[in-house]
There are 2 protein chains.
Amino acid sequence: MSAPEAERLARVGLSLLTEPGDAQVAAVIADVGAQVLYDDVLTRQEGSEVRQDARSRLEGCDPARQLEQAARVGLRFVVPGDAEWPTQLDDLAHTAPLQQRGGAPLGLWVRGPQRLDGLGSSVAVVGSRSATTYGGSAAAQIAAVVARSGSPVISGAAYGIDQAAHRGALGGGGTTIAVLACGADRVYPQAHRELIEHLGREGAVVSESPPGGAPTRVRFLSRNRIIAALSAGTVVVEAAVRSGALNTANWAIRLNRHLMGVPGPITSAPSQGVHQLLRSGAATLVTSGQEVLEVVAPVGEHVLEEPRGRERARDRLSMRDQQVLDAVPVTRGAGADSIARTAGMALLKVGPALDRLRVGGYVERGEDGWRLAALAQE
Amino acid sequence: MSAPEAERLARVGLSLLTEPGDAQVAAVIADVGAQVLYDDVLTRQEGSEVRQDARSRLEGCDPARQLEQAARVGLRFVVPGDAEWPTQLDDLAHTAPLQQRGGAPLGLWVRGPQRLDGLGSSVAVVGSRSATTYGGSAAAQIAAVVARSGSPVISGAAYGIDQAAHRGALGGGGTTIAVLACGADRVYPQAHRELIEHLGREGAVVSESPPGGAPTRVRFLSRNRIIAALSAGTVVVEAAVRSGALNTANWAIRLNRHLMGVPGPITSAPSQGVHQLLRSGAATLVTSGQEVLEVVAPVGEHVLEEPRGRERARDRLSMRDQQVLDAVPVTRGAGADSIARTAGMALLKVGPALDRLRVGGYVERGEDGWRLAALAQE
């Protein structure tokens, strides 16, 4: 299944003409369709300022040539109607804008073998660029477990948590996808060239911005909504009070996706934003990849047992016998009367209890009286 | 106001006879009263085994003398009906037992100037004996803020979080109270002699166990319910999966008190139990003493503002002007056409935006074109 060629070309043209995540443009397209809007911009003659703008920017732009050029550098443009279109993005069309960004994207420019229609169980792992060693290691561990379970990991390509998430997912032998604010043919930050090239060969590098697009601040905001919308749930690992990751978190909330937060030391600024999300009840506290999978999994899958302490031998005793056992000394032996006083119990009760404990191997009787046996000292 | 002397003596006698927190004894007393039960034990002649036990243990025990002896070491026995009785403990009478411990205490043995009837807004700060440096410092900081605000801090006297909580409260210049599992005349652990003596002079050392009572395991379980019941809320700072602090947390839940948890690194075993409490929704995540006060305070007091990042100059700009500003280089200047391409906007829009930004002091025009002014680089 593939979208009609005219539809794809119209979306390429509009993608060159408009800013990613322009909520007003998206609303018009949702209303009249991409082809109608594109033809209208191209052909109507009356000279409103906006139209003049648009036409001036389309001069020298040929959508078909743009697609060819993109294909030469390994980029495809996936649009609604394509079999590969991730239909969960359509949720964006029904979601109110945030900071004037919103709406479904015109399409996604993609580089890499990973298809976008198989991301239903994917998990976004996001957080601060200025992550701590703790945060990076937490992100990598969580991403590794998620990826190993077969759920793709989605993140940006920034320093800090993003990078750690991809590294963890690759280490876990799973699929990982970077959604960029710049064109999917570009590398930003430069220091992550190797990582981004690797994802372009093994996973996918995705962008709503056309090839060559620069990574501007508004495009990061627009990009964040794509990360949240593609994923079944978003995990925020570290985020200071004013962090882009909280923008992604807001999108996850708006889109009714699962939102999760990894706690950290209360003394750590990069954990402060996460703690706010947890305190407000917007996010679920998660401490491991298993817990993340439990949150995003369909009901009944990935159910975890609550961690429990190791059961100790003494737990199998009655409360009264435990009370007597507590009063038996470890090293020097003691008489039953002394044990009864320590336990605050009648001698009458303590005698039979000591016998039961001896049979059970909890206490032993030496020349100097009763003392603990090895079992009770576990 | 003071309880009748016969009532007090009956409760002293029963306190010598029974284990603290024996839910069955507490139920009988709630039903027939302490005096009736005590007289019955003393006077009825038929020889059930339990009665024989009781009488044998009461031989040589004179409640009046016990009170005198206690008074000589600075201990008073506070019982229901006394003006000093902390009536919030009566909630225990209506609460189901936990691990066979439960019920209101017969009375509390108290050493120290702090009265027990002024603890309505007090906060219990509890946690692992094997606390980390992080946990100890978090406990001390939270206790200091709580104590400084005028709310007493309540804890045990163990190593780790207990000790840190008292230390913090004392540093904050506030009241702090230790509830012991052993008799209030005893010191356990020995290493905390100085701390416990100090609390006995400045705050209060409290126990349900009679003077001389040994610190047995069941008495710690009984003691935990007193800590939870005395306080308006309990903060668990660090607690491994199998920690006594979780027993106190369970009591706080049963007693409908506020339960709070301090998060920590997901890699830290002593935070694992706290994270479980937070994940289950039983506890509220807190990261500071102020947040604790906000939770336990009556509605409208101690309301906190959400922490916010510093507002930056650029936040006052329209989204379009921000978009242009993002495309202006920091060092070498650039022409408006180059900025328009980077911003992905029409030159027609970029010119006026640059002028607005120059007037606002965000950008400046040099010989080589536009560049950022100092304000925008904040």
# chains A, B, ... in the order shown; residues from 1 in each chain; ligands from 1
>>> residues_around(residues="region 259-274 of chain B", least_positions_apart="5", cutoff="7 Å", atoms="only C-alpha atoms", output="PyMOL selection string")
(chain A and resi 263-266+287) or (chain B and resi 128+131+233-241+249+252-253+282-287)
>>> residues_around(residues="Leu116 (chain B)", least_positions_apart="3", cutoff="7 Å", atoms="only C-alpha atoms", output="list in words")
Glu84, Trp85, Pro86 and Leu119 of chain B
>>> write_last_selection(atoms="C-alpha atoms", output="PDB file, in the first residue's frame")
ATOM      1  CA  GLU B  84      -0.509  14.596  78.774  1.00  0.00           C
ATOM      2  CA  TRP B  85      -1.992  11.507  77.095  1.00  0.00           C
ATOM      3  CA  PRO B  86      -1.511  11.777  73.284  1.00  0.00           C
ATOM      4  CA  LEU B 119       2.679  16.223  69.148  1.00  0.00           C
TER       5      LEU B 119
END
>>> closest_residue(among="A:Gly203, A:Pro63, A:Pro105, A:Pro20", to="chain B", atoms="only C-alpha atoms")
A:Pro20
>>> calpha_fit_and_write(fixed="chain A", moving="chain B", output="compact mmCIF listing (two decimals) with C-alpha atoms, in the first residue's frame")
# COMPACT_ATOMS: atom_id res chain seq x y z
CA MET B 1 0.06 0.14 -0.15
CA SER B 2 1.36 3.55 -1.09
CA ALA B 3 -0.04 7.08 -1.04
CA PRO B 4 -0.92 8.61 -4.46
CA GLU B 5 2.09 10.34 -5.99
CA ALA B 6 0.34 13.71 -6.25
CA GLU B 7 -0.41 13.58 -2.54
CA ARG B 8 3.22 12.77 -1.72
CA LEU B 9 4.51 15.62 -3.92
CA ALA B 10 2.06 18.09 -2.37
CA ARG B 11 3.31 17.10 1.07
CA VAL B 12 6.94 17.45 0.03
CA GLY B 13 6.15 20.93 -1.31
CA LEU B 14 4.32 21.97 1.87
CA SER B 15 7.12 20.46 3.95
CA LEU B 16 9.57 22.80 2.18
CA LEU B 17 7.23 25.73 2.67
CA THR B 18 6.19 25.46 6.28
CA GLU B 19 7.77 24.93 9.67
CA PRO B 20 7.51 21.44 11.18
CA GLY B 21 4.76 21.32 13.76
CA ASP B 22 3.01 24.53 12.66
CA ALA B 23 -0.33 23.85 14.30
CA GLN B 24 -2.24 26.25 12.01
CA VAL B 25 -0.95 24.68 8.81
CA ALA B 26 -1.71 21.21 10.18
CA ALA B 27 -5.26 22.29 10.98
CA VAL B 28 -5.83 23.56 7.42
CA ILE B 29 -4.46 20.33 5.95
CA ALA B 30 -6.63 18.25 8.27
CA ASP B 31 -9.54 20.30 6.99
CA VAL B 32 -9.03 20.61 3.18
CA GLY B 33 -6.21 18.13 2.51
CA ALA B 34 -2.58 18.66 1.49
CA GLN B 35 -3.19 18.71 -2.27
CA VAL B 36 -5.89 21.36 -2.16
CA LEU B 37 -3.77 23.61 0.04
CA TYR B 38 -0.67 23.14 -2.08
CA ASP B 39 -2.48 23.77 -5.39
CA ASP B 40 -4.12 26.79 -3.88
CA VAL B 41 -0.78 28.28 -2.82
CA LEU B 42 0.73 27.57 -6.25
CA THR B 43 -2.07 28.76 -8.50
CA ARG B 44 -4.23 31.45 -6.89
CA GLN B 45 -3.16 34.81 -8.23
CA GLU B 46 -4.40 37.43 -5.81
CA GLY B 47 -1.51 38.84 -3.86
CA SER B 48 -1.91 38.46 -0.13
CA GLU B 49 1.39 38.89 1.67
CA VAL B 50 1.42 35.29 2.89
CA ARG B 51 0.89 33.95 -0.61
CA GLN B 52 3.66 36.09 -2.01
CA ASP B 53 5.91 34.75 0.70
CA ALA B 54 4.98 31.20 -0.06
CA ARG B 55 5.50 31.51 -3.77
CA SER B 56 8.82 33.26 -3.35
CA ARG B 57 10.04 30.39 -1.19
CA LEU B 58 8.80 27.76 -3.62
CA GLU B 59 10.72 29.30 -6.53
CA GLY B 60 13.35 26.88 -7.64
CA CYS B 61 11.81 24.12 -5.50
CA ASP B 62 10.66 21.04 -7.36
CA PRO B 63 9.14 18.41 -5.04
CA ALA B 64 9.84 15.58 -7.48
CA ARG B 65 13.49 16.59 -7.77
CA GLN B 66 13.67 16.98 -4.00
CA LEU B 67 12.48 13.39 -3.59
CA GLU B 68 15.08 12.17 -6.09
CA GLN B 69 17.87 14.05 -4.37
CA ALA B 70 16.76 12.69 -1.01
CA ALA B 71 16.66 9.16 -2.36
CA ARG B 72 20.26 9.52 -3.56
CA VAL B 73 21.37 10.10 0.07
CA GLY B 74 19.20 7.20 1.26
CA LEU B 75 16.16 9.17 2.44
CA ARG B 76 12.54 8.22 1.84
CA PHE B 77 9.51 10.41 2.61
CA VAL B 78 6.81 8.43 4.41
CA VAL B 79 3.32 9.97 4.30
CA PRO B 80 -0.19 9.02 5.45
CA GLY B 81 -1.55 6.37 3.11
CA ASP B 82 1.80 4.57 2.86
CA ALA B 83 1.90 1.07 4.32
CA GLU B 84 4.86 2.25 6.42
CA TRP B 85 2.99 5.25 7.86
CA PRO B 86 2.95 5.00 11.70
CA THR B 87 -0.77 5.56 12.20
CA GLN B 88 -0.31 6.38 15.89
CA LEU B 89 0.89 9.81 14.69
CA ASP B 90 -2.67 10.54 13.61
CA ASP B 91 -3.46 11.03 17.31
CA LEU B 92 -1.65 14.35 16.95
CA ALA B 93 -4.46 15.63 14.72
CA HIS B 94 -6.87 15.37 17.65
CA THR B 95 -4.55 16.85 20.27
CA ALA B 96 -4.42 20.49 21.30
CA PRO B 97 -1.22 22.38 20.43
CA LEU B 98 1.47 23.07 23.02
CA GLN B 99 3.54 26.27 22.69
CA GLN B 100 1.92 26.75 19.24
CA ARG B 101 3.36 23.44 18.04
CA GLY B 102 1.06 20.57 17.13
CA GLY B 103 -0.81 18.60 14.52
CA ALA B 104 0.13 15.50 12.56
CA PRO B 105 3.33 15.88 10.52
CA LEU B 106 3.08 16.25 6.73
CA GLY B 107 5.33 13.24 6.50
CA LEU B 108 8.55 11.84 7.92
CA TRP B 109 11.90 11.76 6.19
CA VAL B 110 13.51 8.44 7.06
CA ARG B 111 16.96 6.96 6.64
CA GLY B 112 17.62 3.35 7.63
CA PRO B 113 16.18 -0.15 7.29
CA GLN B 114 13.75 -0.01 10.24
CA ARG B 115 10.17 0.46 9.02
CA LEU B 116 8.05 2.95 10.92
CA ASP B 117 4.87 0.87 10.93
CA GLY B 118 6.28 -1.60 13.48
CA LEU B 119 6.75 0.77 16.40
CA GLY B 120 3.52 0.06 18.28
CA SER B 121 5.21 -1.21 21.42
CA SER B 122 8.16 1.18 21.26
CA VAL B 123 9.40 3.11 24.26
CA ALA B 124 10.86 6.60 24.20
CA VAL B 125 13.77 7.07 26.60
CA VAL B 126 14.50 10.78 26.99
CA GLY B 127 16.20 13.17 29.35
CA SER B 128 18.73 15.89 29.96
CA ARG B 129 21.67 16.62 27.76
CA SER B 130 23.59 17.37 30.95
CA ALA B 131 22.97 13.94 32.42
CA THR B 132 24.91 12.52 35.35
CA THR B 133 26.82 9.24 35.19
CA TYR B 134 23.98 7.76 37.20
CA GLY B 135 21.35 8.98 34.73
CA GLY B 136 23.29 7.74 31.72
CA SER B 137 23.74 4.33 33.25
CA ALA B 138 20.05 4.12 34.24
CA ALA B 139 18.98 5.11 30.70
CA ALA B 140 21.30 2.54 29.11
CA GLN B 141 20.15 -0.26 31.42
CA ILE B 142 16.46 0.45 30.84
CA ALA B 143 16.92 0.80 27.06
CA ALA B 144 18.87 -2.46 26.93
CA VAL B 145 16.09 -4.43 28.64
CA VAL B 146 13.37 -2.80 26.52
CA ALA B 147 15.25 -3.40 23.26
CA ARG B 148 16.14 -6.99 24.20
CA SER B 149 12.43 -7.71 24.76
CA GLY B 150 11.73 -6.72 21.14
CA SER B 151 10.30 -3.25 21.72
CA PRO B 152 12.11 -0.53 19.73
CA VAL B 153 13.68 2.31 21.66
CA ILE B 154 13.10 5.89 20.45
CA SER B 155 15.07 8.96 21.45
CA GLY B 156 16.73 12.08 20.09
CA ALA B 157 20.40 12.13 19.26
CA ALA B 158 21.60 14.61 21.84
CA TYR B 159 24.33 14.25 24.44
CA GLY B 160 23.46 12.68 27.76
CA ILE B 161 20.36 10.53 28.13
CA ASP B 162 19.58 10.28 24.38
CA GLN B 163 22.99 8.90 23.59
CA ALA B 164 22.95 6.55 26.58
CA ALA B 165 19.54 5.20 25.53
CA HIS B 166 20.74 4.36 21.99
CA ARG B 167 23.94 2.86 23.36
CA GLY B 168 21.96 0.68 25.78
CA ALA B 169 19.48 -0.44 23.11
CA LEU B 170 22.31 -1.37 20.73
CA GLY B 171 24.05 -3.23 23.55
CA GLY B 172 20.79 -5.08 24.22
CA GLY B 173 20.79 -6.19 20.57
CA GLY B 174 17.54 -4.39 19.77
CA THR B 175 16.17 -1.73 17.46
CA THR B 176 16.71 1.92 18.18
CA ILE B 177 15.48 5.02 16.37
CA ALA B 178 16.64 8.63 16.50
CA VAL B 179 14.19 11.44 15.77
CA LEU B 180 16.11 14.58 14.80
CA ALA B 181 15.21 18.28 14.85
CA CYS B 182 17.41 18.89 11.81
CA GLY B 183 17.11 17.15 8.45
CA ALA B 184 17.57 13.37 8.56
CA ASP B 185 20.53 13.76 6.21
CA ARG B 186 22.35 15.97 8.69
CA VAL B 187 24.37 15.16 11.80
CA TYR B 188 23.73 17.10 14.97
CA PRO B 189 25.57 17.23 17.26
CA GLN B 190 28.68 16.62 15.18
CA ALA B 191 30.23 14.56 17.96
CA HIS B 192 27.50 11.95 17.42
CA ARG B 193 28.33 11.41 13.74
CA GLU B 194 29.31 7.81 14.30
CA LEU B 195 26.21 7.01 16.38
CA ILE B 196 23.82 8.67 13.90
CA GLU B 197 25.48 6.98 10.90
CA HIS B 198 25.23 3.66 12.70
CA LEU B 199 21.50 4.17 13.38
CA GLY B 200 21.06 5.11 9.70
CA ARG B 201 22.53 1.73 8.74
CA GLU B 202 20.96 -0.48 11.45
CA GLY B 203 17.84 1.27 12.74
CA ALA B 204 16.30 4.50 11.54
CA VAL B 205 17.02 8.22 11.59
CA VAL B 206 13.79 10.17 11.30
CA SER B 207 12.87 13.82 10.85
CA GLU B 208 9.88 15.95 10.08
CA SER B 209 12.23 18.68 8.80
CA PRO B 210 13.16 18.48 5.10
CA PRO B 211 16.68 17.43 4.11
CA GLY B 212 19.22 20.11 4.92
CA GLY B 213 17.00 21.68 7.61
CA ALA B 214 18.89 23.32 10.49
CA PRO B 215 18.31 22.20 14.13
CA THR B 216 16.52 25.30 15.50
CA ARG B 217 14.94 25.59 18.91
CA VAL B 218 11.33 25.46 17.66
CA ARG B 219 12.16 22.36 15.65
CA PHE B 220 13.27 20.65 18.87
CA LEU B 221 9.88 21.47 20.37
CA SER B 222 8.12 20.10 17.26
CA ARG B 223 10.37 17.06 17.23
CA ASN B 224 9.48 16.21 20.86
CA ARG B 225 5.83 15.69 19.93
CA ILE B 226 6.90 13.15 17.26
CA ILE B 227 8.95 11.18 19.81
CA ALA B 228 6.03 11.06 22.24
CA ALA B 229 3.47 10.22 19.54
CA LEU B 230 5.49 7.40 17.95
CA SER B 231 5.94 5.61 21.31
CA ALA B 232 3.60 3.58 23.48
CA GLY B 233 5.23 5.25 26.47
CA THR B 234 7.90 7.77 27.38
CA VAL B 235 10.46 7.29 30.14
CA VAL B 236 12.05 10.47 31.49
CA VAL B 237 15.36 9.53 33.05
CA GLU B 238 16.79 12.85 34.19
CA ALA B 239 15.36 16.29 33.55
CA ALA B 240 16.12 19.51 35.34
CA VAL B 241 13.15 21.76 36.10
CA ARG B 242 13.57 23.51 32.78
CA SER B 243 14.39 20.70 30.39
CA GLY B 244 13.27 19.84 26.88
CA ALA B 245 12.52 16.35 28.15
CA LEU B 246 9.63 17.81 30.14
CA ASN B 247 8.20 19.12 26.87
CA THR B 248 8.26 15.55 25.53
CA ALA B 249 6.63 14.45 28.81
CA ASN B 250 3.86 17.00 28.31
CA TRP B 251 3.23 15.63 24.84
CA ALA B 252 3.04 12.08 26.21
CA ILE B 253 0.41 13.27 28.70
CA ARG B 254 -1.59 15.10 26.01
CA LEU B 255 -1.43 12.09 23.73
CA ASN B 256 -2.61 9.78 26.49
CA ARG B 257 0.59 7.76 26.27
CA HIS B 258 2.19 6.13 29.29
CA LEU B 259 4.54 8.50 31.07
CA MET B 260 7.22 7.10 33.37
CA GLY B 261 9.95 8.69 35.46
CA VAL B 262 13.17 7.32 36.91
CA PRO B 263 13.83 8.69 40.40
CA GLY B 264 17.24 9.83 41.56
CA PRO B 265 18.85 11.49 44.55
CA ILE B 266 16.83 14.46 45.84
CA THR B 267 20.11 16.38 45.88
CA SER B 268 20.57 15.99 42.11
CA ALA B 269 19.32 18.90 39.99
CA PRO B 270 18.85 16.71 36.88
CA SER B 271 16.36 14.57 38.83
CA GLN B 272 14.31 17.54 40.03
CA GLY B 273 12.06 17.72 36.97
CA VAL B 274 11.41 13.98 37.09
CA HIS B 275 10.50 14.18 40.78
CA GLN B 276 8.01 16.93 39.94
CA LEU B 277 6.38 14.69 37.32
CA LEU B 278 6.20 11.85 39.85
CA ARG B 279 4.85 14.08 42.63
CA SER B 280 2.13 15.47 40.41
CA GLY B 281 0.99 11.96 39.58
CA ALA B 282 1.56 12.55 35.86
CA ALA B 283 4.28 9.90 35.68
CA THR B 284 4.65 6.38 37.08
CA LEU B 285 7.84 5.67 39.01
CA VAL B 286 9.96 3.00 37.32
CA THR B 287 13.25 1.56 38.49
CA SER B 288 14.03 -0.99 35.77
CA GLY B 289 13.41 -1.95 32.17
CA GLN B 290 11.12 -4.75 33.37
CA GLU B 291 8.95 -2.23 35.16
CA VAL B 292 8.81 -0.11 31.99
CA LEU B 293 7.69 -3.14 29.96
CA GLU B 294 5.06 -3.90 32.59
CA VAL B 295 3.64 -0.39 32.20
CA VAL B 296 3.51 -0.31 28.38
CA ALA B 297 2.63 -3.97 27.81
CA PRO B 298 -0.90 -5.07 26.95
CA VAL B 299 -2.76 -6.29 30.04
CA GLY B 300 -1.41 -9.61 31.32
CA GLU B 301 1.98 -9.50 29.61
CA HIS B 302 5.21 -8.67 31.40
CA VAL B 303 3.60 -8.87 34.84
CA LEU B 304 6.28 -8.57 37.51
CA GLU B 305 6.39 -10.15 40.92
CA GLU B 306 6.94 -7.64 43.67
CA PRO B 307 10.50 -8.01 44.90
CA ARG B 308 10.58 -9.68 48.30
CA GLY B 309 13.27 -10.12 50.87
CA ARG B 310 14.69 -13.62 51.27
CA GLU B 311 12.50 -15.63 53.59
CA ARG B 312 14.37 -16.47 56.74
CA ALA B 313 14.04 -19.60 58.78
CA ARG B 314 12.61 -17.64 61.74
CA ASP B 315 9.65 -16.48 59.66
CA ARG B 316 8.24 -19.98 59.82
CA LEU B 317 7.95 -19.76 63.64
CA SER B 318 4.95 -18.59 65.64
CA MET B 319 5.21 -15.08 67.04
CA ARG B 320 5.61 -16.48 70.58
CA ASP B 321 8.48 -18.76 69.57
CA GLN B 322 10.14 -15.88 67.72
CA GLN B 323 9.83 -13.84 70.89
CA VAL B 324 11.62 -16.53 72.90
CA LEU B 325 14.21 -16.98 70.15
CA ASP B 326 14.95 -13.25 70.29
CA ALA B 327 15.82 -13.56 73.95
CA VAL B 328 18.34 -16.42 73.45
CA PRO B 329 21.92 -15.14 73.50
CA VAL B 330 24.30 -15.67 70.59
CA THR B 331 27.54 -16.57 72.37
CA ARG B 332 27.40 -17.31 76.12
CA GLY B 333 24.56 -19.60 77.08
CA ALA B 334 21.70 -18.49 79.39
CA GLY B 335 19.28 -20.32 81.64
CA ALA B 336 15.57 -20.57 80.81
CA ASP B 337 14.70 -18.22 83.72
CA SER B 338 17.01 -15.51 82.39
CA ILE B 339 15.57 -15.98 78.89
CA ALA B 340 12.04 -15.71 80.32
CA ARG B 341 12.92 -12.41 82.00
CA THR B 342 14.48 -11.00 78.82
CA ALA B 343 11.53 -12.12 76.72
CA GLY B 344 9.12 -10.71 79.27
CA MET B 345 7.28 -14.05 79.32
CA ALA B 346 6.37 -16.62 81.96
CA LEU B 347 8.88 -19.42 82.52
CA LEU B 348 5.93 -21.79 82.10
CA LYS B 349 5.69 -20.75 78.42
CA VAL B 350 9.38 -20.37 77.77
CA GLY B 351 10.35 -24.00 78.59
CA PRO B 352 8.15 -25.65 75.92
CA ALA B 353 9.09 -22.94 73.40
CA LEU B 354 12.80 -23.64 73.93
CA ASP B 355 12.16 -27.33 73.38
CA ARG B 356 10.32 -26.63 70.10
CA LEU B 357 13.14 -24.35 69.00
CA ARG B 358 15.74 -27.03 69.83
CA VAL B 359 13.86 -29.64 67.78
CA GLY B 360 13.66 -27.16 64.90
CA GLY B 361 17.41 -26.60 65.09
CA TYR B 362 17.09 -22.92 66.12
CA VAL B 363 18.75 -23.19 69.56
CA GLU B 364 21.06 -25.63 71.30
CA ARG B 365 21.69 -26.43 74.91
CA GLY B 366 25.27 -26.32 76.15
CA GLU B 367 26.76 -26.66 79.61
CA ASP B 368 26.21 -22.98 80.36
CA GLY B 369 22.61 -23.00 79.12
CA TRP B 370 20.72 -22.14 75.91
CA ARG B 371 22.30 -20.36 72.95
CA LEU B 372 21.49 -19.81 69.27
CA ALA B 373 22.20 -22.62 66.78
CA ALA B 374 23.59 -21.81 63.34
CA LEU B 375 20.19 -21.83 61.55
CA ALA B 376 18.82 -18.98 63.63
CA GLN B 377 21.81 -16.81 62.83
CA GLU B 378 21.16 -16.75 59.08
>>> select_by_dssp(residues="region 12-242 of chain A", states="strand (DSSP E)", output="ChimeraX atom specification")
/A:75-78,108-111,123-126,153-155,176-180,204-207,233-236
>>> write_last_selection(atoms="N, CA and C atoms", output="short mmCIF file (atom, residue, chain, number, x, y, z; two decimals), in the first residue's frame")
data_model
loop_
_atom_site.label_atom_id
_atom_site.label_comp_id
_atom_site.auth_asym_id
_atom_site.auth_seq_id
_atom_site.Cartn_x
_atom_site.Cartn_y
_atom_site.Cartn_z
N LEU A 75 17.31 8.58 1.76
CA LEU A 75 16.13 9.04 2.50
C LEU A 75 14.85 8.71 1.75
N ARG A 76 13.84 8.23 2.47
CA ARG A 76 12.50 8.08 1.90
C ARG A 76 11.56 9.01 2.66
N PHE A 77 10.44 9.38 2.02
CA PHE A 77 9.48 10.28 2.67
C PHE A 77 8.21 9.47 2.90
N VAL A 78 7.93 9.15 4.15
CA VAL A 78 6.78 8.31 4.49
C VAL A 78 5.59 9.22 4.82
N LEU A 108 7.24 11.92 7.26
CA LEU A 108 8.52 11.77 7.97
C LEU A 108 9.59 11.34 6.98
N TRP A 109 10.71 12.06 7.00
CA TRP A 109 11.88 11.67 6.22
C TRP A 109 12.64 10.63 7.03
N VAL A 110 12.92 9.50 6.40
CA VAL A 110 13.49 8.37 7.14
C VAL A 110 14.73 7.83 6.44
N ARG A 111 15.74 7.53 7.23
CA ARG A 111 16.94 6.88 6.74
C ARG A 111 17.16 5.65 7.60
N VAL A 123 9.26 2.42 23.17
CA VAL A 123 9.39 3.22 24.38
C VAL A 123 10.37 4.35 24.12
N ALA A 124 9.94 5.58 24.38
CA ALA A 124 10.85 6.72 24.28
C ALA A 124 11.62 6.85 25.60
N VAL A 125 12.92 7.00 25.49
CA VAL A 125 13.77 7.22 26.67
C VAL A 125 14.43 8.57 26.47
N VAL A 126 14.03 9.56 27.27
CA VAL A 126 14.50 10.92 27.04
C VAL A 126 15.00 11.54 28.34
N VAL A 153 13.41 1.24 20.94
CA VAL A 153 13.67 2.41 21.78
C VAL A 153 13.73 3.64 20.88
N ILE A 154 13.11 4.73 21.32
CA ILE A 154 13.09 5.97 20.54
C ILE A 154 13.68 7.07 21.40
N SER A 155 14.51 7.91 20.79
CA SER A 155 15.06 9.05 21.51
C SER A 155 15.49 10.10 20.51
N THR A 176 16.75 0.65 17.71
CA THR A 176 16.70 1.98 18.30
C THR A 176 16.60 3.03 17.20
N ILE A 177 15.83 4.06 17.47
CA ILE A 177 15.47 5.05 16.46
C ILE A 177 15.72 6.45 16.99
N ALA A 178 16.39 7.28 16.17
CA ALA A 178 16.63 8.66 16.56
C ALA A 178 15.70 9.58 15.77
N VAL A 179 14.99 10.44 16.46
CA VAL A 179 14.16 11.45 15.80
C VAL A 179 14.90 12.78 15.94
N LEU A 180 15.26 13.38 14.81
CA LEU A 180 16.10 14.58 14.81
C LEU A 180 15.26 15.84 14.62
N ALA A 204 16.84 3.43 12.49
CA ALA A 204 16.27 4.47 11.64
C ALA A 204 16.59 5.84 12.22
N VAL A 205 16.84 6.78 11.30
CA VAL A 205 16.99 8.18 11.67
C VAL A 205 15.83 8.90 11.00
N VAL A 206 15.05 9.62 11.79
CA VAL A 206 13.77 10.13 11.34
C VAL A 206 13.71 11.63 11.57
N SER A 207 13.10 12.36 10.64
CA SER A 207 12.85 13.77 10.89
C SER A 207 11.64 14.26 10.13
N GLY A 233 4.97 4.71 25.30
CA GLY A 233 5.22 5.38 26.57
C GLY A 233 6.54 6.10 26.55
N THR A 234 6.65 7.13 27.37
CA THR A 234 7.89 7.92 27.45
C THR A 234 8.46 7.81 28.86
N VAL A 235 9.75 7.50 28.93
CA VAL A 235 10.46 7.45 30.21
C VAL A 235 11.37 8.68 30.30
N VAL A 236 11.16 9.51 31.32
CA VAL A 236 12.05 10.66 31.54
C VAL A 236 13.08 10.24 32.59
#
>>> select_by_dssp(residues="region 71-252 of chain B", states="alpha helix (DSSP H)", output="ChimeraX atom specification")
/B:71-72,133-148,161-171,193-202,217-230,244-252
